[in-house]
file start_12.cif (mmCIF, C-alpha atoms)
data_work
#
loop_
_atom_site.label_atom_id
_atom_site.label_comp_id
_atom_site.auth_asym_id
_atom_site.auth_seq_id
_atom_site.Cartn_x
_atom_site.Cartn_y
_atom_site.Cartn_z
CA MET A 1 -71.20 -163.15 -88.30
CA ILE A 2 -73.72 -165.69 -89.59
CA ASN A 3 -72.47 -169.27 -89.83
CA PHE A 4 -74.04 -170.55 -93.07
CA ILE A 5 -72.58 -174.02 -92.59
CA ARG A 6 -73.89 -174.60 -89.10
CA PHE A 7 -77.47 -173.59 -89.80
CA PRO A 8 -78.41 -174.96 -93.26
CA LEU A 9 -81.77 -176.28 -92.08
CA LEU A 10 -82.77 -172.88 -90.65
CA PHE A 11 -81.99 -171.10 -93.91
CA ALA A 12 -83.78 -173.75 -95.95
CA LYS A 13 -86.90 -173.32 -93.81
CA LEU A 14 -86.68 -169.53 -93.97
CA PHE A 15 -86.42 -169.65 -97.75
CA LEU A 16 -89.52 -171.86 -98.02
CA TYR A 17 -91.47 -169.69 -95.56
CA TYR A 18 -90.62 -166.47 -97.39
CA MET A 19 -91.44 -168.02 -100.76
CA SER A 20 -94.84 -169.01 -99.36
CA ASP A 21 -95.34 -165.41 -98.14
CA LEU A 22 -94.34 -164.09 -101.55
CA LYS A 23 -96.72 -166.39 -103.40
CA LYS A 24 -99.65 -165.45 -101.17
CA TYR A 25 -98.96 -161.72 -101.54
CA ILE A 26 -98.67 -161.97 -105.32
CA VAL A 27 -101.94 -163.91 -105.58
CA TYR A 28 -104.08 -161.89 -103.17
CA SER A 29 -102.77 -158.31 -103.03
CA SER A 30 -104.57 -155.59 -104.98
CA ARG A 31 -101.53 -154.93 -107.13
CA ALA A 32 -101.72 -158.40 -108.65
CA SER A 33 -105.47 -158.55 -109.24
CA ARG A 34 -106.83 -158.11 -112.76
CA ARG A 35 -110.36 -157.43 -111.51
CA MET A 36 -110.78 -156.10 -108.02
CA THR A 37 -112.87 -157.99 -105.52
CA ASP A 38 -115.48 -155.96 -103.62
CA HIS A 39 -113.12 -155.90 -100.63
CA GLN A 40 -110.28 -154.55 -102.75
CA LEU A 41 -112.56 -151.97 -104.38
CA GLN A 42 -113.72 -150.72 -100.99
CA ALA A 43 -110.14 -150.50 -99.73
CA ARG A 44 -109.14 -148.43 -102.77
CA LEU A 45 -112.17 -146.14 -102.29
CA LEU A 46 -111.23 -145.63 -98.65
CA GLN A 47 -107.59 -144.99 -99.52
CA LYS A 48 -108.24 -142.41 -102.25
CA SER A 49 -111.04 -140.71 -100.30
CA HIS A 50 -108.73 -140.43 -97.30
CA SER A 51 -106.10 -138.69 -99.41
CA ILE A 52 -108.70 -135.97 -100.14
CA GLU A 53 -109.67 -135.85 -96.44
CA LYS A 54 -106.04 -135.34 -95.51
CA GLY A 55 -105.69 -132.48 -97.97
CA LEU A 56 -108.77 -130.81 -96.48
CA SER A 57 -107.42 -131.21 -92.94
CA MET A 58 -104.05 -129.56 -93.60
CA PRO A 59 -103.05 -126.33 -91.84
CA HIS A 60 -103.14 -124.55 -95.20
CA VAL A 61 -105.49 -126.13 -97.74
CA ARG A 62 -104.34 -125.64 -101.32
CA PRO A 63 -107.28 -124.95 -103.69
CA GLY A 64 -107.40 -127.30 -106.65
CA PHE A 65 -105.36 -130.06 -105.02
CA GLY A 66 -106.00 -133.78 -105.50
CA SER A 67 -106.09 -134.14 -109.28
CA ALA A 68 -104.55 -137.64 -109.37
CA ALA A 69 -106.59 -138.89 -106.41
CA PHE A 70 -109.89 -137.64 -107.85
CA SER A 71 -109.07 -139.08 -111.26
CA GLU A 72 -108.81 -142.57 -109.77
CA LEU A 73 -111.67 -141.97 -107.33
CA HIS A 74 -113.98 -141.14 -110.24
CA ILE A 75 -113.23 -144.51 -111.85
CA LEU A 76 -113.67 -146.35 -108.54
CA VAL A 77 -117.04 -144.70 -107.82
CA ARG A 78 -118.31 -145.63 -111.28
CA GLU A 79 -117.22 -149.22 -110.71
CA ALA A 80 -119.07 -149.31 -107.37
CA ILE A 81 -122.22 -148.00 -109.08
CA LEU A 82 -121.92 -150.61 -111.85
CA ARG A 83 -121.80 -153.25 -109.11
CA ARG A 84 -125.01 -151.77 -107.70
CA TRP A 85 -123.51 -150.90 -104.34
CA ALA A 86 -125.86 -149.34 -101.82
CA GLU A 87 -125.24 -145.63 -101.36
CA ASP A 88 -124.58 -146.15 -97.65
CA ALA A 89 -121.66 -148.53 -98.33
CA VAL A 90 -118.81 -146.98 -96.37
CA GLY A 91 -116.41 -146.72 -99.32
CA LEU A 92 -118.94 -145.04 -101.58
CA ARG A 93 -120.25 -142.80 -98.80
CA MET A 94 -116.73 -141.68 -97.90
CA ALA A 95 -116.00 -140.83 -101.55
CA ARG A 96 -119.20 -138.77 -101.77
CA SER A 97 -118.35 -136.98 -98.53
CA ALA A 98 -114.81 -136.18 -99.65
CA ALA A 99 -116.02 -134.73 -102.95
CA ASP A 100 -118.90 -132.82 -101.33
CA THR A 101 -116.63 -131.28 -98.69
CA TYR A 102 -114.10 -130.43 -101.41
CA VAL A 103 -116.76 -128.57 -103.41
CA ARG A 104 -118.05 -126.72 -100.34
CA TYR A 105 -114.53 -125.69 -99.34
CA HIS A 106 -113.94 -124.12 -102.76
CA GLU A 107 -117.27 -122.32 -102.57
CA LYS A 108 -116.39 -121.02 -99.10
CA VAL A 109 -113.03 -119.55 -100.14
CA GLY A 110 -114.29 -118.39 -103.54
CA ALA A 111 -111.91 -120.58 -105.52
CA GLU A 112 -112.66 -122.23 -108.84
CA ILE A 113 -112.38 -126.00 -109.15
CA PRO A 114 -110.10 -126.66 -112.15
CA PRO A 115 -111.96 -127.72 -115.32
CA THR A 116 -109.96 -130.97 -115.31
CA LEU A 117 -111.74 -131.83 -112.04
CA ALA A 118 -115.27 -131.15 -113.27
CA TYR A 119 -116.28 -134.73 -112.45
CA VAL A 120 -115.82 -133.92 -108.74
CA HIS A 121 -119.35 -132.49 -108.87
CA GLU A 122 -120.59 -135.79 -110.31
CA ILE A 123 -119.09 -137.69 -107.37
CA ALA A 124 -120.42 -135.18 -104.82
CA ASN A 125 -123.92 -134.90 -106.27
CA GLY A 126 -124.45 -138.56 -107.10
CA ALA A 127 -125.93 -139.50 -103.74
CA THR A 128 -129.69 -139.19 -103.79
CA SER A 129 -130.65 -141.30 -100.78
CA VAL A 130 -127.76 -140.51 -98.43
CA THR A 131 -126.77 -137.06 -97.26
CA PRO A 132 -122.96 -136.83 -97.34
CA HIS A 133 -121.20 -136.18 -94.07
CA SER A 134 -118.34 -133.73 -93.80
CA ALA A 135 -114.97 -135.22 -94.69
CA VAL A 136 -113.34 -133.26 -91.86
CA LEU A 137 -114.10 -132.68 -88.20
CA HIS A 138 -113.48 -129.44 -86.32
CA LEU A 139 -112.33 -130.22 -82.79
CA SER A 140 -110.96 -128.48 -79.72
CA ARG A 141 -108.07 -129.30 -77.43
CA GLN A 142 -110.40 -129.04 -74.43
CA HIS A 143 -112.71 -131.70 -75.86
CA ILE A 144 -109.87 -134.11 -76.70
CA VAL A 145 -108.17 -133.79 -73.32
CA ALA A 146 -111.45 -134.27 -71.42
CA SER A 147 -112.45 -137.29 -73.54
CA ALA A 148 -109.04 -138.96 -73.32
CA ARG A 149 -109.15 -138.86 -69.53
CA GLY A 150 -112.50 -140.62 -69.45
CA ASP A 151 -113.12 -144.32 -70.04
CA PHE A 152 -111.54 -146.38 -72.81
CA ALA A 153 -114.42 -145.84 -75.23
CA ASN A 154 -113.98 -142.08 -74.93
CA LEU A 155 -110.21 -142.40 -75.38
CA VAL A 156 -110.61 -144.43 -78.57
CA ALA A 157 -113.16 -141.96 -79.94
CA ALA A 158 -110.92 -139.01 -79.05
CA ARG A 159 -107.91 -140.29 -80.98
CA HIS A 160 -107.48 -138.67 -84.38
CA SER A 161 -104.48 -138.33 -86.65
CA THR A 162 -103.54 -134.70 -86.09
CA ARG A 163 -101.67 -132.64 -88.67
CA MET A 164 -101.83 -129.31 -86.85
CA PHE A 165 -99.65 -128.65 -83.80
CA SER A 166 -98.78 -125.64 -81.67
CA ALA A 167 -95.22 -124.31 -81.57
CA GLU A 168 -94.98 -125.23 -77.86
CA PRO A 169 -92.10 -127.69 -77.24
CA VAL A 170 -93.25 -131.18 -76.33
CA ASP A 171 -92.54 -131.94 -72.69
CA GLN A 172 -90.03 -134.75 -72.18
CA ALA A 173 -92.03 -135.92 -69.15
CA LEU A 174 -95.13 -136.45 -71.31
CA LEU A 175 -93.17 -138.52 -73.81
CA GLU A 176 -91.67 -140.60 -71.01
CA GLU A 177 -95.10 -141.16 -69.47
CA SER A 178 -96.48 -142.25 -72.86
CA VAL A 179 -93.67 -144.73 -73.49
CA ALA A 180 -94.05 -146.07 -69.95
CA HIS A 181 -97.71 -146.83 -70.71
CA ALA A 182 -96.69 -148.44 -74.01
CA LEU A 183 -94.38 -150.80 -72.13
CA ARG A 184 -97.53 -152.55 -70.88
CA THR A 185 -98.17 -153.76 -74.44
CA PRO A 186 -98.28 -157.56 -74.78
CA SER A 187 -95.45 -159.14 -76.76
CA VAL A 188 -94.74 -162.72 -77.74
CA CYS A 189 -93.50 -164.55 -74.62
CA ASN A 190 -92.99 -161.09 -73.02
CA ARG A 191 -89.84 -160.51 -75.09
CA GLN A 192 -90.44 -156.74 -75.34
CA GLY A 193 -88.59 -155.90 -78.55
CA GLY A 194 -90.08 -152.41 -78.98
CA ARG A 195 -87.99 -149.24 -78.83
CA VAL A 196 -88.69 -145.53 -79.34
CA TYR A 197 -86.30 -142.84 -80.59
CA ILE A 198 -87.09 -139.13 -80.14
CA LEU A 199 -85.96 -136.80 -82.92
CA ARG A 200 -86.09 -133.02 -82.38
CA ASP A 201 -83.08 -131.72 -84.31
CA PRO A 202 -84.69 -129.56 -87.05
CA GLU A 203 -82.25 -130.45 -89.81
CA ALA A 204 -82.27 -134.21 -89.18
CA LEU A 205 -86.04 -134.17 -88.64
CA HIS A 206 -86.60 -132.42 -91.97
CA GLU A 207 -84.36 -134.92 -93.73
CA ALA A 208 -86.11 -137.88 -92.07
CA LEU A 209 -89.49 -136.60 -93.24
CA GLU A 210 -88.12 -136.14 -96.75
CA ILE A 211 -87.05 -139.77 -96.75
CA GLN A 212 -90.48 -140.86 -95.47
CA GLY A 213 -92.13 -138.76 -98.18
CA GLY A 214 -95.70 -138.55 -96.85
CA THR A 215 -95.94 -135.26 -94.97
CA ARG A 216 -96.31 -132.74 -97.75
CA GLY A 217 -98.52 -129.89 -96.58
CA PHE A 218 -97.83 -130.26 -92.86
CA SER A 219 -94.16 -131.19 -92.43
CA GLU A 220 -93.40 -127.69 -91.13
CA GLU A 221 -95.83 -128.34 -88.27
CA ILE A 222 -93.74 -131.26 -86.97
CA ARG A 223 -91.12 -130.38 -84.39
CA THR A 224 -90.99 -133.70 -82.55
CA LEU A 225 -90.82 -137.06 -84.30
CA LEU A 226 -90.84 -140.51 -82.73
CA ILE A 227 -89.35 -143.50 -84.54
CA VAL A 228 -90.73 -146.83 -83.34
CA THR A 229 -88.62 -149.93 -83.95
CA CYS A 230 -88.62 -153.56 -82.91
CA SER A 231 -85.51 -155.67 -82.43
CA LEU A 232 -85.09 -158.85 -84.48
CA GLU A 233 -82.69 -160.14 -81.85
CA VAL A 234 -85.52 -161.25 -79.56
CA PHE A 235 -87.00 -163.67 -82.13
CA ARG A 236 -85.83 -167.05 -83.32
CA GLY A 237 -86.76 -169.62 -85.95
CA GLY A 238 -88.51 -169.25 -89.28
CA ARG A 239 -92.02 -169.21 -87.83
CA GLU A 240 -91.30 -165.92 -86.05
CA ARG A 241 -90.08 -164.18 -89.21
CA ASN A 242 -92.96 -161.64 -89.11
CA GLN A 243 -93.40 -161.39 -85.35
CA ALA A 244 -91.46 -158.13 -85.09
CA TRP A 245 -94.12 -156.41 -87.19
CA VAL A 246 -96.86 -157.80 -84.96
CA ASP A 247 -95.19 -156.89 -81.67
CA GLY A 248 -93.97 -153.55 -83.03
CA GLY A 249 -97.41 -152.65 -84.38
CA LEU A 250 -99.08 -153.45 -81.06
CA PHE A 251 -96.45 -151.40 -79.22
CA ALA A 252 -96.92 -148.43 -81.58
CA MET A 253 -100.71 -148.47 -81.20
CA THR A 254 -100.51 -148.47 -77.43
CA LEU A 255 -98.05 -145.59 -77.65
CA ILE A 256 -100.43 -143.60 -79.85
CA TYR A 257 -103.28 -144.11 -77.40
CA ALA A 258 -100.95 -143.11 -74.55
CA LEU A 259 -99.99 -139.90 -76.37
CA THR A 260 -103.69 -139.07 -76.66
CA TYR A 261 -104.18 -139.90 -72.98
CA VAL A 262 -101.51 -137.43 -71.85
CA GLY A 263 -103.03 -134.70 -74.02
CA LEU A 264 -100.70 -134.71 -77.03
CA GLY A 265 -101.68 -134.84 -80.67
CA SER A 266 -100.07 -137.42 -82.94
CA CYS A 267 -100.07 -138.66 -86.51
CA PRO A 268 -98.65 -142.11 -87.41
CA LEU A 269 -96.52 -141.91 -90.55
CA ASN A 270 -96.39 -144.96 -92.78
CA TRP A 271 -93.05 -146.71 -93.18
CA SER A 272 -93.81 -149.02 -96.11
CA SER A 273 -90.34 -148.27 -97.37
CA SER A 274 -88.01 -149.45 -100.07
CA PRO A 275 -84.63 -150.92 -99.05
CA ARG A 276 -83.02 -147.68 -100.24
CA GLN A 277 -85.24 -145.54 -98.00
CA ASP A 278 -84.54 -147.85 -95.10
CA ARG A 279 -80.78 -147.56 -95.59
CA LYS A 280 -80.94 -143.77 -95.87
CA LEU A 281 -82.92 -143.36 -92.64
CA ARG A 282 -80.69 -145.80 -90.75
CA HIS A 283 -77.60 -143.93 -91.90
CA LEU A 284 -79.11 -140.54 -91.02
CA LEU A 285 -80.22 -141.52 -87.51
CA GLU A 286 -77.61 -144.22 -86.85
CA LEU A 287 -80.29 -146.79 -86.04
CA PRO A 288 -79.15 -150.31 -85.10
CA GLU A 289 -79.23 -152.76 -88.00
CA GLU A 290 -80.93 -155.41 -85.86
CA GLU A 291 -84.01 -153.23 -85.36
CA ILE A 292 -86.73 -152.98 -88.01
CA ILE A 293 -88.47 -149.62 -88.37
CA ILE A 294 -92.18 -149.96 -87.65
CA MET A 295 -93.31 -146.37 -88.20
CA MET A 296 -92.70 -142.72 -87.44
CA ILE A 297 -95.10 -140.77 -85.24
CA ALA A 298 -95.39 -136.98 -85.49
CA VAL A 299 -96.12 -135.54 -82.04
CA GLY A 300 -97.07 -132.09 -80.79
CA HIS A 301 -99.25 -130.10 -78.44
CA LEU A 302 -102.79 -129.60 -79.71
CA LEU A 303 -104.04 -126.23 -80.88
CA PRO A 304 -107.09 -124.75 -79.10
CA GLU A 305 -109.08 -125.44 -82.31
CA PHE A 306 -108.04 -127.72 -85.17
CA THR A 307 -109.29 -129.85 -88.06
CA VAL A 308 -108.89 -133.57 -88.68
CA ALA A 309 -109.99 -136.05 -91.34
CA ALA A 310 -113.34 -137.65 -90.45
CA SER A 311 -112.34 -141.11 -91.73
CA PRO A 312 -115.59 -143.06 -91.15
CA ARG A 313 -115.15 -146.70 -90.19
CA ARG A 314 -116.53 -149.84 -91.77
CA PRO A 315 -119.71 -151.22 -90.20
CA LEU A 316 -119.28 -153.90 -87.56
CA SER A 317 -121.16 -156.39 -89.74
CA GLU A 318 -118.30 -156.30 -92.27
CA VAL A 319 -115.63 -156.89 -89.65
CA LEU A 320 -117.04 -159.27 -87.05
CA SER A 321 -117.95 -162.86 -87.92
CA GLU A 322 -118.54 -165.91 -85.79
CA ILE A 323 -117.13 -169.24 -86.89
CA LYS A 324 -119.98 -171.72 -86.74
CA GLN A 325 -119.60 -174.92 -84.77
CA ARG A 326 -119.11 -177.89 -87.06
CA THR A 327 -121.72 -180.61 -86.79
#
call {"tool": "encode", "arguments": {"input": "start_12.cif", "output": "structure tokens"}}
result
Amino acid sequence: MINFIRFPLLFAKLFLYYMSDLKKYIVYSSRASRRMTDHQLQARLLQKSHSIEKGLSMPHVRPGFGSAAFSELHILVREAILRRWAEDAVGLRMARSAADTYVRYHEKVGAEIPPTLAYVHEIANGATSVTPHSAVLHLSRQHIVASARGDFANLVAARHSTRMFSAEPVDQALLEESVAHALRTPSVCNRQGGRVYILRDPEALHEALEIQGGTRGFSEEIRTLLIVTCSLEVFRGGRERNQAWVDGGLFAMTLIYALTYVGLGSCPLNWSSSPRQDRKLRHLLELPEEEIIIMMIAVGHLLPEFTVAASPRRPLSEVLSEIKQRT
């Protein structure tokens, strides 16, 4: 039980810290912006293009999908053109690639693109100086396993979010090996707040995915689900209010690399949840209240051949900057 009388200073500081977080998020997040910055526009282009990539990488692609995503993508592409973006800008190039691959898929299967999506051709055919790349990659289990057992660069390149899995049960020993590797993840003052829960029960797994709400089109492929959490009990003071997300995120990323290393496919599932979703999942899985949920990870054995979203990355020049020495 919290003693509100004994710790008034702590709660006062926490309130001020969270109000500062709230103000910054309201001012700088995309949701609050009247006119998007170039950075926000690129992020939205990447987000909406990726939703098309995901649809094209599903086990069973549904012709004519993506109406809402393409509707917004069309507006975003026009905005990028009005701002005179170069055609090789990663956000614009990814949008072109997604639309081009979408058109070619429909041609391949002999399906008509709905009239309401006629502007998809405009997005796909707009590039004159850059040849669009495919929005999906066709890979093999043999290639992934061989690459993951090489050096770190090969491991990083081999990792893809996989939405196709074989029906083969996931070996407990492989999961244990992966979590053991993840335990090497750095954490603040070595406090090691990360935890992993394995969910295999079909009924509970289906309900958990329904609560998460982001696996339409491949939820039936998922037979093993990991829930990554981080305990709030290992942190103290207002300045560490967000540390669980940092430590938990680092832990989850190491775990995903470890799953690739042992030859398993995985797909991290976003847990940007509402309080109601959080309560429902906690009640379903009886998760401790002191642990925050970082993410879910779908896990399975790779198919001999499978498809993934290409998801091109931003150029290094947009990410890496050196802070100049002050004179």
call {"tool": "resolve_selection", "arguments": {"input": "start_12.cif", "expression": "the PyMOL selection byres ((chain A and resi 49-58) around 8)", "output": "PyMOL selection string"}}
result
chain A and resi 45-48+59-62+65-66+69-70+73+94-95+98-99+102+135-136+163-164+217-218+307-311
call {"tool": "atom_distance", "arguments": {"input": "start_12.cif", "atom1": "atom CA of A:Arg195", "atom2": "atom CA of A:Ser273"}}
result
18.7 Å
call {"tool": "closest_residue", "arguments": {"input": "start_12.cif", "among": "A:Leu255, A:Val228, A:Ile81, A:Val319", "to": "A:His39", "atoms": "all atoms listed in the file"}}
result
A:Val319
call {"tool": "resolve_selection", "arguments": {"input": "start_12.cif", "expression": "the PyMOL selection byres ((chain A and resi 265-271) around 9)", "output": "MDAnalysis selection string"}}
result
chainID A and resid 159:165 212 214:215 252 256 259:260 263:264 272:274 278 293:303
call {"tool": "closest_residue", "arguments": {"input": "start_12.cif", "among": "A:Leu155, A:Ile198, A:Ala12, A:Leu287", "to": "A:Arg223", "atoms": "all atoms listed in the file"}}
result
A:Ile198
call {"tool": "atom_distance", "arguments": {"input": "start_12.cif", "atom1": "atom CA of A:Ser231", "atom2": "atom CA of A:Val196"}}
result
11.1 Å
call {"tool": "atom_distance", "arguments": {"input": "start_12.cif", "atom1": "atom CA of A:Glu177", "atom2": "atom CA of A:Glu291"}}
result
22.8 Å
call {"tool": "closest_residue", "arguments": {"input": "start_12.cif", "among": "A:Asp247, A:Glu233, A:Glu286, A:Glu168", "to": "A:Ala208", "atoms": "all atoms listed in the file"}}
result
A:Glu286
call {"tool": "residues_around", "arguments": {"input": "start_12.cif", "residues": "A:Gln243", "least_positions_apart": "2", "cutoff": "10 Å", "atoms": "only C-alpha atoms", "output": "short mmCIF file (atom, residue, chain, number, x, y, z; two decimals) with C-alpha atoms, keeping the file's coordinate frame"}}
result
data_model
loop_
_atom_site.label_atom_id
_atom_site.label_comp_id
_atom_site.auth_asym_id
_atom_site.auth_seq_id
_atom_site.Cartn_x
_atom_site.Cartn_y
_atom_site.Cartn_z
CA SER A 187 -95.45 -159.14 -76.76
CA VAL A 188 -94.74 -162.72 -77.74
CA GLY A 193 -88.59 -155.90 -78.55
CA CYS A 230 -88.62 -153.56 -82.91
CA LEU A 232 -85.09 -158.85 -84.48
CA VAL A 234 -85.52 -161.25 -79.56
CA PHE A 235 -87.00 -163.67 -82.13
CA ARG A 236 -85.83 -167.05 -83.32
CA ARG A 239 -92.02 -169.21 -87.83
CA GLU A 240 -91.30 -165.92 -86.05
CA ARG A 241 -90.08 -164.18 -89.21
CA TRP A 245 -94.12 -156.41 -87.19
CA VAL A 246 -96.86 -157.80 -84.96
CA ASP A 247 -95.19 -156.89 -81.67
CA GLY A 248 -93.97 -153.55 -83.03
CA GLY A 249 -97.41 -152.65 -84.38
#
call {"tool": "closest_residue", "arguments": {"input": "start_12.cif", "among": "A:Lys13, A:Leu205, A:Arg96, A:Val145", "to": "A:Ala157", "atoms": "all atoms listed in the file"}}
result
A:Val145
